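Below is the file protein.pdb, which contains PDB, C-alpha atoms, pLDDT in the B column.
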ATOM      1  CA  MET G   1      17.420   9.986   7.332  1.00 61.00           C
ATOM      2  CA  SER G   2      15.525   8.073   4.699  1.00 67.00           C
ATOM      3  CA  LYS G   3      11.885   7.092   5.120  1.00 93.00           C
ATOM      4  CA  VAL G   4       9.421   4.493   3.868  1.00 97.00           C
ATOM      5  CA  ILE G   5       5.827   5.502   3.176  1.00 98.00           C
ATOM      6  CA  TRP G   6       3.781   2.291   3.034  1.00 97.00           C
ATOM      7  CA  ILE G   7       0.367   2.854   1.383  1.00 97.00           C
ATOM      8  CA  THR G   8      -2.012  -0.064   1.809  1.00 97.00           C
ATOM      9  CA  GLY G   9      -5.631  -0.841   1.028  1.00 97.00           C
ATOM     10  CA  LEU G  10      -7.691  -3.213  -1.072  1.00 97.00           C
ATOM     11  CA  SER G  11      -7.536  -3.430  -4.851  1.00 95.00           C
ATOM     12  CA  ALA G  12      -8.870  -0.227  -6.480  1.00 96.00           C
ATOM     13  CA  SER G  13      -8.524   1.819  -3.280  1.00 96.00           C
ATOM     14  CA  GLY G  14      -6.177   4.317  -4.967  1.00 96.00           C
ATOM     15  CA  LYS G  15      -2.779   3.094  -3.765  1.00 96.00           C
ATOM     16  CA  THR G  16      -0.975   3.545  -7.087  1.00 95.00           C
ATOM     17  CA  THR G  17      -2.581   6.922  -7.785  1.00 95.00           C
ATOM     18  CA  LEU G  18      -1.627   8.199  -4.345  1.00 97.00           C
ATOM     19  CA  ALA G  19       1.869   6.666  -4.407  1.00 97.00           C
ATOM     20  CA  SER G  20       2.532   8.288  -7.799  1.00 96.00           C
ATOM     21  CA  ALA G  21       1.401  11.722  -6.585  1.00 96.00           C
ATOM     22  CA  VAL G  22       3.408  11.472  -3.349  1.00 97.00           C
ATOM     23  CA  THR G  23       6.512  10.288  -5.218  1.00 97.00           C
ATOM     24  CA  LYS G  24       6.235  13.209  -7.641  1.00 97.00           C
ATOM     25  CA  SER G  25       5.851  15.720  -4.785  1.00 96.00           C
ATOM     26  CA  LEU G  26       8.808  14.328  -2.842  1.00 96.00           C
ATOM     27  CA  LYS G  27      11.012  14.441  -5.937  1.00 97.00           C
ATOM     28  CA  GLU G  28       9.934  18.032  -6.616  1.00 96.00           C
ATOM     29  CA  LYS G  29      11.034  18.881  -3.052  1.00 94.00           C
ATOM     30  CA  GLY G  30      14.476  17.471  -3.818  1.00 95.00           C
ATOM     31  CA  HIS G  31      14.196  14.128  -2.026  1.00 94.00           C
ATOM     32  CA  PRO G  32      15.652  11.132  -3.884  1.00 95.00           C
ATOM     33  CA  THR G  33      12.553   8.936  -4.056  1.00 96.00           C
ATOM     34  CA  ILE G  34      11.656   5.529  -5.462  1.00 96.00           C
ATOM     35  CA  MET G  35       8.137   4.176  -5.877  1.00 95.00           C
ATOM     36  CA  LEU G  36       7.442   0.458  -5.473  1.00 95.00           C
ATOM     37  CA  ASP G  37       4.063  -0.642  -6.807  1.00 93.00           C
ATOM     38  CA  GLY G  38       2.698  -4.080  -5.935  1.00 84.00           C
ATOM     39  CA  ASP G  39       1.608  -4.898  -9.496  1.00 82.00           C
ATOM     40  CA  ILE G  40       4.941  -3.851 -10.986  1.00 86.00           C
ATOM     41  CA  LEU G  41       6.875  -5.730  -8.297  1.00 83.00           C
ATOM     42  CA  ARG G  42       4.842  -8.870  -9.068  1.00 78.00           C
ATOM     43  CA  GLU G  43       5.773  -8.528 -12.733  1.00 82.00           C
ATOM     44  CA  CYS G  44       9.460  -7.892 -12.009  1.00 83.00           C
ATOM     45  CA  LEU G  45       9.635 -10.839  -9.623  1.00 82.00           C
ATOM     46  CA  ASP G  46       7.617 -12.994 -12.069  1.00 71.00           C
ATOM     47  CA  VAL G  47       5.051 -13.983  -9.453  1.00 70.00           C
ATOM     48  CA  GLN G  48       1.788 -12.746 -10.993  1.00 63.00           C
ATOM     49  CA  LYS G  49       0.030 -16.048 -10.278  1.00 67.00           C
ATOM     50  CA  GLN G  50       0.889 -16.202  -6.563  1.00 59.00           C
ATOM     51  CA  ASN G  51      -2.400 -15.156  -4.974  1.00 71.00           C
ATOM     52  CA  SER G  52      -3.075 -17.421  -1.990  1.00 81.00           C
ATOM     53  CA  ARG G  53      -2.934 -15.808   1.449  1.00 84.00           C
ATOM     54  CA  GLU G  54       0.402 -17.481   2.239  1.00 88.00           C
ATOM     55  CA  GLU G  55       1.929 -16.552  -1.132  1.00 86.00           C
ATOM     56  CA  ARG G  56       0.757 -12.951  -0.704  1.00 85.00           C
ATOM     57  CA  ARG G  57       2.228 -12.851   2.810  1.00 90.00           C
ATOM     58  CA  ARG G  58       5.605 -14.106   1.557  1.00 90.00           C
ATOM     59  CA  LEU G  59       5.568 -11.492  -1.215  1.00 90.00           C
ATOM     60  CA  ALA G  60       4.758  -8.782   1.302  1.00 92.00           C
ATOM     61  CA  TYR G  61       7.858  -9.729   3.319  1.00 94.00           C
ATOM     62  CA  THR G  62       9.879  -9.472   0.115  1.00 92.00           C
ATOM     63  CA  TYR G  63       8.475  -5.984  -0.517  1.00 93.00           C
ATOM     64  CA  SER G  64       9.281  -5.002   3.071  1.00 95.00           C
ATOM     65  CA  ARG G  65      12.875  -6.189   2.876  1.00 95.00           C
ATOM     66  CA  PHE G  66      13.303  -4.509  -0.503  1.00 94.00           C
ATOM     67  CA  ALA G  67      11.934  -1.199   0.843  1.00 96.00           C
ATOM     68  CA  LYS G  68      14.215  -1.448   3.884  1.00 96.00           C
ATOM     69  CA  MET G  69      17.271  -2.100   1.711  1.00 96.00           C
ATOM     70  CA  LEU G  70      16.525   0.829  -0.603  1.00 95.00           C
ATOM     71  CA  SER G  71      15.768   3.242   2.225  1.00 96.00           C
ATOM     72  CA  SER G  72      18.995   2.271   3.984  1.00 95.00           C
ATOM     73  CA  GLN G  73      20.803   3.698   0.962  1.00 94.00           C
ATOM     74  CA  GLY G  74      19.406   7.159   1.634  1.00 93.00           C
ATOM     75  CA  VAL G  75      16.315   7.301  -0.535  1.00 95.00           C
ATOM     76  CA  PHE G  76      12.678   7.813   0.319  1.00 96.00           C
ATOM     77  CA  VAL G  77      10.634   4.768  -0.679  1.00 97.00           C
ATOM     78  CA  VAL G  78       6.920   4.998  -1.432  1.00 98.00           C
ATOM     79  CA  VAL G  79       5.265   1.572  -1.463  1.00 97.00           C
ATOM     80  CA  GLY G  80       1.769   0.977  -2.831  1.00 95.00           C
ATOM     81  CA  THR G  81       0.632  -2.580  -2.117  1.00 94.00           C
ATOM     82  CA  ILE G  82      -2.279  -4.497  -0.623  1.00 93.00           C
ATOM     83  CA  ALA G  83      -0.118  -6.450   1.898  1.00 92.00           C
ATOM     84  CA  LEU G  84      -2.827  -6.397   4.560  1.00 92.00           C
ATOM     85  CA  PHE G  85      -1.215  -8.687   7.129  1.00 93.00           C
ATOM     86  CA  LYS G  86      -0.723  -7.737  10.774  1.00 96.00           C
ATOM     87  CA  GLU G  87       2.644  -9.498  10.867  1.00 96.00           C
ATOM     88  CA  ILE G  88       3.874  -7.401   7.909  1.00 96.00           C
ATOM     89  CA  HIS G  89       2.776  -4.153   9.555  1.00 96.00           C
ATOM     90  CA  GLN G  90       4.487  -5.237  12.783  1.00 97.00           C
ATOM     91  CA  TRP G  91       7.690  -6.331  11.006  1.00 97.00           C
ATOM     92  CA  ASN G  92       7.830  -3.030   9.138  1.00 97.00           C
ATOM     93  CA  ARG G  93       7.471  -1.022  12.342  1.00 95.00           C
ATOM     94  CA  GLU G  94      10.170  -3.041  14.095  1.00 96.00           C
ATOM     95  CA  ASN G  95      12.655  -3.248  11.215  1.00 96.00           C
ATOM     96  CA  ILE G  96      12.291  -0.212   8.959  1.00 95.00           C
ATOM     97  CA  PRO G  97      13.552   3.062  10.432  1.00 92.00           C
ATOM     98  CA  GLY G  98      11.267   5.934   9.473  1.00 93.00           C
ATOM     99  CA  TYR G  99       8.340   3.662   8.531  1.00 96.00           C
ATOM    100  CA  PHE G 100       5.106   5.632   7.928  1.00 97.00           C
ATOM    101  CA  GLU G 101       1.957   3.558   7.365  1.00 97.00           C
ATOM    102  CA  VAL G 102      -1.064   4.835   5.428  1.00 98.00           C
ATOM    103  CA  PHE G 103      -4.320   2.897   5.137  1.00 98.00           C
ATOM    104  CA  LEU G 104      -6.845   3.747   2.425  1.00 97.00           C
ATOM    105  CA  ASN G 105     -10.245   2.750   3.786  1.00 97.00           C
ATOM    106  CA  VAL G 106     -12.625   2.520   0.836  1.00 97.00           C
ATOM    107  CA  PRO G 107     -15.997   0.735   1.053  1.00 96.00           C
ATOM    108  CA  MET G 108     -16.571  -2.327  -1.138  1.00 95.00           C
ATOM    109  CA  GLU G 109     -19.369  -0.575  -3.027  1.00 95.00           C
ATOM    110  CA  GLU G 110     -16.896   2.091  -4.204  1.00 96.00           C
ATOM    111  CA  LEU G 111     -14.168  -0.470  -4.975  1.00 96.00           C
ATOM    112  CA  ARG G 112     -16.623  -2.386  -7.176  1.00 95.00           C
ATOM    113  CA  LYS G 113     -17.543   0.835  -9.019  1.00 96.00           C
ATOM    114  CA  ARG G 114     -13.890   1.660  -9.688  1.00 95.00           C
ATOM    115  CA  ASP G 115     -12.583  -1.854 -10.458  1.00 95.00           C
ATOM    116  CA  PRO G 116     -10.003  -0.796 -13.105  1.00 93.00           C
ATOM    117  CA  LYS G 117      -8.654  -4.343 -13.521  1.00 92.00           C
ATOM    118  CA  GLY G 118     -12.063  -6.022 -13.441  1.00 95.00           C
ATOM    119  CA  ILE G 119     -11.064  -8.044 -10.370  1.00 93.00           C
ATOM    120  CA  TYR G 120     -14.312  -7.592  -8.470  1.00 96.00           C
ATOM    121  CA  LYS G 121     -16.459  -8.209 -11.545  1.00 96.00           C
ATOM    122  CA  LYS G 122     -14.543 -11.409 -12.338  1.00 95.00           C
ATOM    123  CA  PHE G 123     -14.763 -12.574  -8.734  1.00 95.00           C
ATOM    124  CA  PHE G 124     -18.503 -12.022  -8.440  1.00 95.00           C
ATOM    125  CA  ASN G 125     -19.001 -13.710 -11.849  1.00 96.00           C
ATOM    126  CA  GLY G 126     -17.127 -16.752 -10.507  1.00 95.00           C
ATOM    127  CA  GLU G 127     -14.238 -16.342 -12.978  1.00 95.00           C
ATOM    128  CA  ILE G 128     -11.460 -15.886 -10.402  1.00 92.00           C
ATOM    129  CA  LYS G 129     -10.760 -16.611  -6.754  1.00 92.00           C
ATOM    130  CA  ASP G 130      -8.107 -15.591  -4.210  1.00 90.00           C
ATOM    131  CA  VAL G 131      -9.123 -11.937  -4.001  1.00 92.00           C
ATOM    132  CA  ALA G 132      -7.886 -10.026  -0.948  1.00 93.00           C
ATOM    133  CA  GLY G 133     -10.780  -8.833   1.167  1.00 94.00           C
ATOM    134  CA  LEU G 134     -13.258 -11.237  -0.400  1.00 94.00           C
ATOM    135  CA  ASP G 135     -12.300 -14.910  -0.202  1.00 93.00           C
ATOM    136  CA  ILE G 136      -8.857 -14.146   1.254  1.00 92.00           C
ATOM    137  CA  SER G 137      -9.015 -12.655   4.714  1.00 93.00           C
ATOM    138  CA  VAL G 138      -7.055  -9.492   5.361  1.00 95.00           C
ATOM    139  CA  ASP G 139      -5.851  -7.688   8.471  1.00 95.00           C
ATOM    140  CA  TYR G 140      -6.659  -4.014   8.339  1.00 95.00           C
ATOM    141  CA  PRO G 141      -3.967  -1.958  10.098  1.00 95.00           C
ATOM    142  CA  SER G 142      -4.829  -1.512  13.768  1.00 92.00           C
ATOM    143  CA  ASN G 143      -2.830   1.693  14.217  1.00 94.00           C
ATOM    144  CA  PRO G 144      -1.712   3.237  10.918  1.00 97.00           C
ATOM    145  CA  HIS G 145       0.013   6.587  11.121  1.00 96.00           C
ATOM    146  CA  LEU G 146      -2.690   7.867   8.776  1.00 97.00           C
ATOM    147  CA  LYS G 147      -6.076   6.349   7.955  1.00 97.00           C
ATOM    148  CA  ILE G 148      -7.824   7.968   5.006  1.00 97.00           C
ATOM    149  CA  ASN G 149     -11.530   7.217   4.875  1.00 96.00           C
ATOM    150  CA  PHE G 150     -13.170   7.441   1.466  1.00 95.00           C
ATOM    151  CA  SER G 151     -15.145  10.545   0.587  1.00 92.00           C
ATOM    152  CA  LYS G 152     -16.212  11.656  -2.888  1.00 90.00           C
ATOM    153  CA  GLU G 153     -14.887  15.123  -2.032  1.00 92.00           C
ATOM    154  CA  LYS G 154     -11.360  13.814  -1.459  1.00 92.00           C
ATOM    155  CA  THR G 155      -9.613  14.157  -4.802  1.00 91.00           C
ATOM    156  CA  PRO G 156      -6.205  12.538  -5.349  1.00 91.00           C
ATOM    157  CA  GLU G 157      -4.646  16.008  -4.928  1.00 91.00           C
ATOM    158  CA  ILE G 158      -6.364  16.564  -1.583  1.00 94.00           C
ATOM    159  CA  VAL G 159      -5.415  13.096  -0.317  1.00 95.00           C
ATOM    160  CA  SER G 160      -1.807  13.515  -1.472  1.00 95.00           C
ATOM    161  CA  LYS G 161      -1.525  16.848   0.361  1.00 95.00           C
ATOM    162  CA  LEU G 162      -3.096  15.317   3.487  1.00 96.00           C
ATOM    163  CA  LEU G 163      -0.601  12.461   3.400  1.00 96.00           C
ATOM    164  CA  LEU G 164       2.402  14.732   2.831  1.00 96.00           C
ATOM    165  CA  ASP G 165       1.324  17.140   5.605  1.00 96.00           C
ATOM    166  CA  ASN G 166       1.028  14.220   8.055  1.00 95.00           C
ATOM    167  CA  PHE G 167       4.301  12.725   6.830  1.00 95.00           C
ATOM    168  CA  GLU G 168       6.153  16.033   7.344  1.00 92.00           C
ATOM    169  CA  LYS G 169       4.737  16.243  10.884  1.00 93.00           C
ATOM    170  CA  PHE G 170       5.875  12.626  11.455  1.00 93.00           C
ATOM    171  CA  ILE G 171       9.400  13.528  10.297  1.00 88.00           C
ATOM    172  CA  LYS G 172       9.535  16.631  12.533  1.00 87.00           C
ATOM    173  CA  ASP G 173       8.251  14.747  15.559  1.00 84.00           C
ATOM    174  CA  GLY G 174      10.938  12.134  14.945  1.00 69.00           C
TER     175      GLY G 174
END

As structure tokens, the full file:
Amino acid sequence: MSKVIWITGLSASGKTTLASAVTKSLKEKGHPTIMLDGDILRECLDVQKQNSREERRRLAYTYSRFAKMLSSQGVFVVVGTIALFKEIHQWNRENIPGYFEVFLNVPMEELRKRDPKGIYKKFFNGEIKDVAGLDISVDYPSNPHLKINFSKEKTPEIVSKLLLDNFEKFIKDG
């Protein structure tokens, strides 16, 4: 049975880093695996400028349907996207067999330190708006399969192993 690992969190929380590591590990274990990254999906779908809450919600449904379609063809799908909407999490649970939700809980202070795309700096300088978690409200998952709270000791390797260990237990428990 195929599975979908849905990694969510705010910008700069480590979604892409974790999704890349998990994808690599699953492939090394012989699982056909595809990674879907929110930024790359936005580029492919030519929707980089769609940032309002409603536009983001519609995109998240698109990502969900895409992940469901790919997983139904027998591949593991690792999704790294903000998509912090309760209705998306609910839809995924009801419609995607083998859905495994991971929430990266990173404090704003740390996100602002990381800020690889300069999103937080631009927002606080008044250069941009429509930033998830700041002027766009988000719905943090109420019951993710795995919630990873930030800690400086948690390297990407440690977090990836933690996720994969929990995912394997999820698969065994059915």

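From atom CA of G:Glu101 back to atom CA of G:Lys3, the distance works out to 10.8 Å.
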
Proximity of stretch 12-48 of chain G to stretch 81-99 of chain G: per-residue shortest pair, 8 Å limit, all atoms listed in the file, as a Markdown table:
| residue | atom | partner | partner_atom | distance |
| --- | --- | --- | --- | --- |
| G:Lys15 | CA | G:Thr81 | CA | 6.8 |
| G:Asp37 | CA | G:Thr81 | CA | 6.1 |
| G:Gly38 | CA | G:Thr81 | CA | 4.6 |
| G:Asp39 | CA | G:Thr81 | CA | 7.8 |

Any chance you could export the current selection's C-alpha atoms as an mmCIF file, in the coordinates of the input?
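part11.cif, freshly written:
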data_model
loop_
_atom_site.group_PDB
_atom_site.id
_atom_site.type_symbol
_atom_site.label_atom_id
_atom_site.label_comp_id
_atom_site.auth_asym_id
_atom_site.auth_seq_id
_atom_site.Cartn_x
_atom_site.Cartn_y
_atom_site.Cartn_z
ATOM 1 C CA LYS G 15 -2.779 3.094 -3.765
ATOM 2 C CA ASP G 37 4.063 -0.642 -6.807
ATOM 3 C CA GLY G 38 2.698 -4.080 -5.935
ATOM 4 C CA ASP G 39 1.608 -4.898 -9.496
#

Using all atoms of stretch 54-72 of chain G that appear in the file, construct an axis-aligned enclosing box with 8 Å of padding on every side and provide its centre coordinates and edge lengths in Å, rounded to one decimal, as AutoDock Vina command-line options.
--center_x 9.7 --center_y -7.1 --center_z 1.4 --size_x 34.6 --size_y 36.7 --size_z 21.2

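Against this structure, the PyMOL selection byres ((chain G and resi 63) around 9) ends up with Leu36, Gly38, Leu41, Arg58, Leu59, Ala60, Tyr61, Thr62, Ser64, Arg65, Phe66, Ala67, Lys68, Val79, Thr81 and Ala83 of chain G.
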
Please save C-alpha atoms of the selected residues as a tab-separated table (two decimals), keeping the file's coordinate frame.
chain	number	residue	atom	x	y	z
G	36	LEU	CA	7.44	0.46	-5.47
G	38	GLY	CA	2.70	-4.08	-5.94
G	41	LEU	CA	6.88	-5.73	-8.30
G	58	ARG	CA	5.60	-14.11	1.56
G	59	LEU	CA	5.57	-11.49	-1.22
G	60	ALA	CA	4.76	-8.78	1.30
G	61	TYR	CA	7.86	-9.73	3.32
G	62	THR	CA	9.88	-9.47	0.12
G	64	SER	CA	9.28	-5.00	3.07
G	65	ARG	CA	12.88	-6.19	2.88
G	66	PHE	CA	13.30	-4.51	-0.50
G	67	ALA	CA	11.93	-1.20	0.84
G	68	LYS	CA	14.22	-1.45	3.88
G	79	VAL	CA	5.26	1.57	-1.46
G	81	THR	CA	0.63	-2.58	-2.12
G	83	ALA	CA	-0.12	-6.45	1.90

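You can rank G:Phe124, G:Phe76, G:Tyr140, G:Phe100 by their closest distance to G:Phe167 using only C-alpha atoms, and at the top of that list sits G:Phe100.
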
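We find atom CA of G:Lys113 and atom CA of G:Glu43 to be spaced 25.4 Å apart.
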
Checklist entry - In terms of the shortest atom-to-atom distance over only C-alpha atoms, which of G:Ile128, G:Ile40, G:Ile148, G:Val4 is closest to G:Ser72? => result G:Val4

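Between G:Pro156 and the candidates G:His31, G:Thr8, G:Glu55, G:Thr17, the tightest atom-to-atom separation, counting only C-alpha atoms, involves G:Thr17.
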
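Computed from the coordinates, the atom CA of G:Ala21 to atom CA of G:Lys152 distance equals 18.0 Å.
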
Checklist entry - From the set G:Ser20, G:Ser52, G:Asn105, G:Thr33, which residue has the shortest atom-to-atom contact distance to G:Phe150, counting only C-alpha atoms? => result G:Asn105

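Proximity to G:Ser137 was assessed for G:Leu10, G:Ile5, G:Val75, G:Val159 counting all atoms listed in the file; the smallest distance is recorded for G:Leu10.
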
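Of the residues under consideration (G:Thr16, G:Val47, G:Gly30, G:Glu54), G:Glu54 shows the shortest atom-to-atom contact distance to G:Asp130 when counting all atoms listed in the file.
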
Item to check | Selection: 10 Å around G:Glu110, only C-alpha atoms, excl. self and same-chain fewer than 4 positions, as a PyMOL selection string | outcome: chain G and resi 12-13+106+114-115+150-152

Generate the missing atoms of stretch 117-137 of chain G up to N, CA, C and O atoms and report them as a PDB file, in the frame of the given file.
ATOM      1  N   LYS G 117      -9.191  -3.087 -12.963  1.00 92.00           N
ATOM      2  CA  LYS G 117      -8.654  -4.343 -13.521  1.00 92.00           C
ATOM      3  C   LYS G 117      -9.742  -5.402 -13.686  1.00 92.00           C
ATOM      4  O   LYS G 117      -9.440  -6.517 -14.100  1.00 92.00           O
ATOM      5  N   GLY G 118     -10.962  -5.066 -13.315  1.00 95.00           N
ATOM      6  CA  GLY G 118     -12.063  -6.022 -13.441  1.00 95.00           C
ATOM      7  C   GLY G 118     -12.016  -7.152 -12.428  1.00 95.00           C
ATOM      8  O   GLY G 118     -12.692  -8.169 -12.593  1.00 95.00           O
ATOM      9  N   ILE G 119     -11.241  -6.983 -11.363  1.00 93.00           N
ATOM     10  CA  ILE G 119     -11.064  -8.044 -10.370  1.00 93.00           C
ATOM     11  C   ILE G 119     -12.374  -8.372  -9.660  1.00 93.00           C
ATOM     12  O   ILE G 119     -12.744  -9.543  -9.530  1.00 93.00           O
ATOM     13  N   TYR G 120     -13.083  -7.344  -9.215  1.00 96.00           N
ATOM     14  CA  TYR G 120     -14.312  -7.592  -8.470  1.00 96.00           C
ATOM     15  C   TYR G 120     -15.387  -8.183  -9.380  1.00 96.00           C
ATOM     16  O   TYR G 120     -16.101  -9.107  -8.986  1.00 96.00           O
ATOM     17  N   LYS G 121     -15.486  -7.669 -10.584  1.00 96.00           N
ATOM     18  CA  LYS G 121     -16.459  -8.209 -11.545  1.00 96.00           C
ATOM     19  C   LYS G 121     -16.180  -9.690 -11.814  1.00 96.00           C
ATOM     20  O   LYS G 121     -17.081 -10.526 -11.777  1.00 96.00           O
ATOM     21  N   LYS G 122     -14.913 -10.011 -12.071  1.00 95.00           N
ATOM     22  CA  LYS G 122     -14.543 -11.409 -12.338  1.00 95.00           C
ATOM     23  C   LYS G 122     -14.815 -12.293 -11.126  1.00 95.00           C
ATOM     24  O   LYS G 122     -15.291 -13.414 -11.267  1.00 95.00           O
ATOM     25  N   PHE G 123     -14.525 -11.782  -9.940  1.00 95.00           N
ATOM     26  CA  PHE G 123     -14.763 -12.574  -8.734  1.00 95.00           C
ATOM     27  C   PHE G 123     -16.253 -12.866  -8.574  1.00 95.00           C
ATOM     28  O   PHE G 123     -16.650 -14.010  -8.351  1.00 95.00           O
ATOM     29  N   PHE G 124     -17.071 -11.833  -8.661  1.00 95.00           N
ATOM     30  CA  PHE G 124     -18.503 -12.022  -8.440  1.00 95.00           C
ATOM     31  C   PHE G 124     -19.181 -12.777  -9.589  1.00 95.00           C
ATOM     32  O   PHE G 124     -20.276 -13.296  -9.413  1.00 95.00           O
ATOM     33  N   ASN G 125     -18.510 -12.874 -10.744  1.00 96.00           N
ATOM     34  CA  ASN G 125     -19.001 -13.710 -11.849  1.00 96.00           C
ATOM     35  C   ASN G 125     -18.464 -15.139 -11.748  1.00 96.00           C
ATOM     36  O   ASN G 125     -18.721 -15.955 -12.628  1.00 96.00           O
ATOM     37  N   GLY G 126     -17.662 -15.413 -10.706  1.00 95.00           N
ATOM     38  CA  GLY G 126     -17.127 -16.752 -10.507  1.00 95.00           C
ATOM     39  C   GLY G 126     -15.959 -17.103 -11.416  1.00 95.00           C
ATOM     40  O   GLY G 126     -15.589 -18.268 -11.545  1.00 95.00           O
ATOM     41  N   GLU G 127     -15.338 -16.103 -12.039  1.00 95.00           N
ATOM     42  CA  GLU G 127     -14.238 -16.342 -12.978  1.00 95.00           C
ATOM     43  C   GLU G 127     -12.883 -16.459 -12.299  1.00 95.00           C
ATOM     44  O   GLU G 127     -11.969 -17.058 -12.850  1.00 95.00           O
ATOM     45  N   ILE G 128     -12.730 -15.828 -11.129  1.00 92.00           N
ATOM     46  CA  ILE G 128     -11.460 -15.886 -10.402  1.00 92.00           C
ATOM     47  C   ILE G 128     -11.739 -16.104  -8.917  1.00 92.00           C
ATOM     48  O   ILE G 128     -12.860 -15.911  -8.443  1.00 92.00           O
ATOM     49  N   LYS G 129     -10.696 -16.487  -8.205  1.00 92.00           N
ATOM     50  CA  LYS G 129     -10.760 -16.611  -6.754  1.00 92.00           C
ATOM     51  C   LYS G 129      -9.483 -16.018  -6.192  1.00 92.00           C
ATOM     52  O   LYS G 129      -8.680 -15.453  -6.922  1.00 92.00           O
ATOM     53  N   ASP G 130      -9.284 -16.133  -4.898  1.00 90.00           N
ATOM     54  CA  ASP G 130      -8.107 -15.591  -4.210  1.00 90.00           C
ATOM     55  C   ASP G 130      -8.013 -14.073  -4.348  1.00 90.00           C
ATOM     56  O   ASP G 130      -7.004 -13.526  -4.784  1.00 90.00           O
ATOM     57  N   VAL G 131      -9.080 -13.399  -3.961  1.00 92.00           N
ATOM     58  CA  VAL G 131      -9.123 -11.937  -4.001  1.00 92.00           C
ATOM     59  C   VAL G 131      -9.075 -11.411  -2.558  1.00 92.00           C
ATOM     60  O   VAL G 131      -9.932 -11.743  -1.739  1.00 92.00           O
ATOM     61  N   ALA G 132      -8.063 -10.600  -2.285  1.00 93.00           N
ATOM     62  CA  ALA G 132      -7.886 -10.026  -0.948  1.00 93.00           C
ATOM     63  C   ALA G 132      -9.121  -9.231  -0.552  1.00 93.00           C
ATOM     64  O   ALA G 132      -9.614  -8.403  -1.310  1.00 93.00           O
ATOM     65  N   GLY G 133      -9.623  -9.526   0.647  1.00 94.00           N
ATOM     66  CA  GLY G 133     -10.780  -8.833   1.167  1.00 94.00           C
ATOM     67  C   GLY G 133     -12.093  -9.501   0.833  1.00 94.00           C
ATOM     68  O   GLY G 133     -13.138  -9.119   1.356  1.00 94.00           O
ATOM     69  N   LEU G 134     -12.045 -10.492  -0.048  1.00 94.00           N
ATOM     70  CA  LEU G 134     -13.258 -11.237  -0.400  1.00 94.00           C
ATOM     71  C   LEU G 134     -13.117 -12.660   0.098  1.00 94.00           C
ATOM     72  O   LEU G 134     -13.557 -12.978   1.186  1.00 94.00           O
ATOM     73  N   ASP G 135     -12.482 -13.538  -0.689  1.00 93.00           N
ATOM     74  CA  ASP G 135     -12.300 -14.910  -0.202  1.00 93.00           C
ATOM     75  C   ASP G 135     -10.944 -15.124   0.468  1.00 93.00           C
ATOM     76  O   ASP G 135     -10.676 -16.203   0.974  1.00 93.00           O
ATOM     77  N   ILE G 136     -10.106 -14.108   0.484  1.00 92.00           N
ATOM     78  CA  ILE G 136      -8.857 -14.146   1.254  1.00 92.00           C
ATOM     79  C   ILE G 136      -8.987 -13.110   2.362  1.00 92.00           C
ATOM     80  O   ILE G 136      -9.194 -11.924   2.092  1.00 92.00           O
ATOM     81  N   SER G 137      -8.884 -13.582   3.588  1.00 93.00           N
ATOM     82  CA  SER G 137      -9.015 -12.655   4.714  1.00 93.00           C
ATOM     83  C   SER G 137      -7.831 -11.701   4.757  1.00 93.00           C
ATOM     84  O   SER G 137      -6.722 -12.051   4.347  1.00 93.00           O
TER      85      SER G 137
END
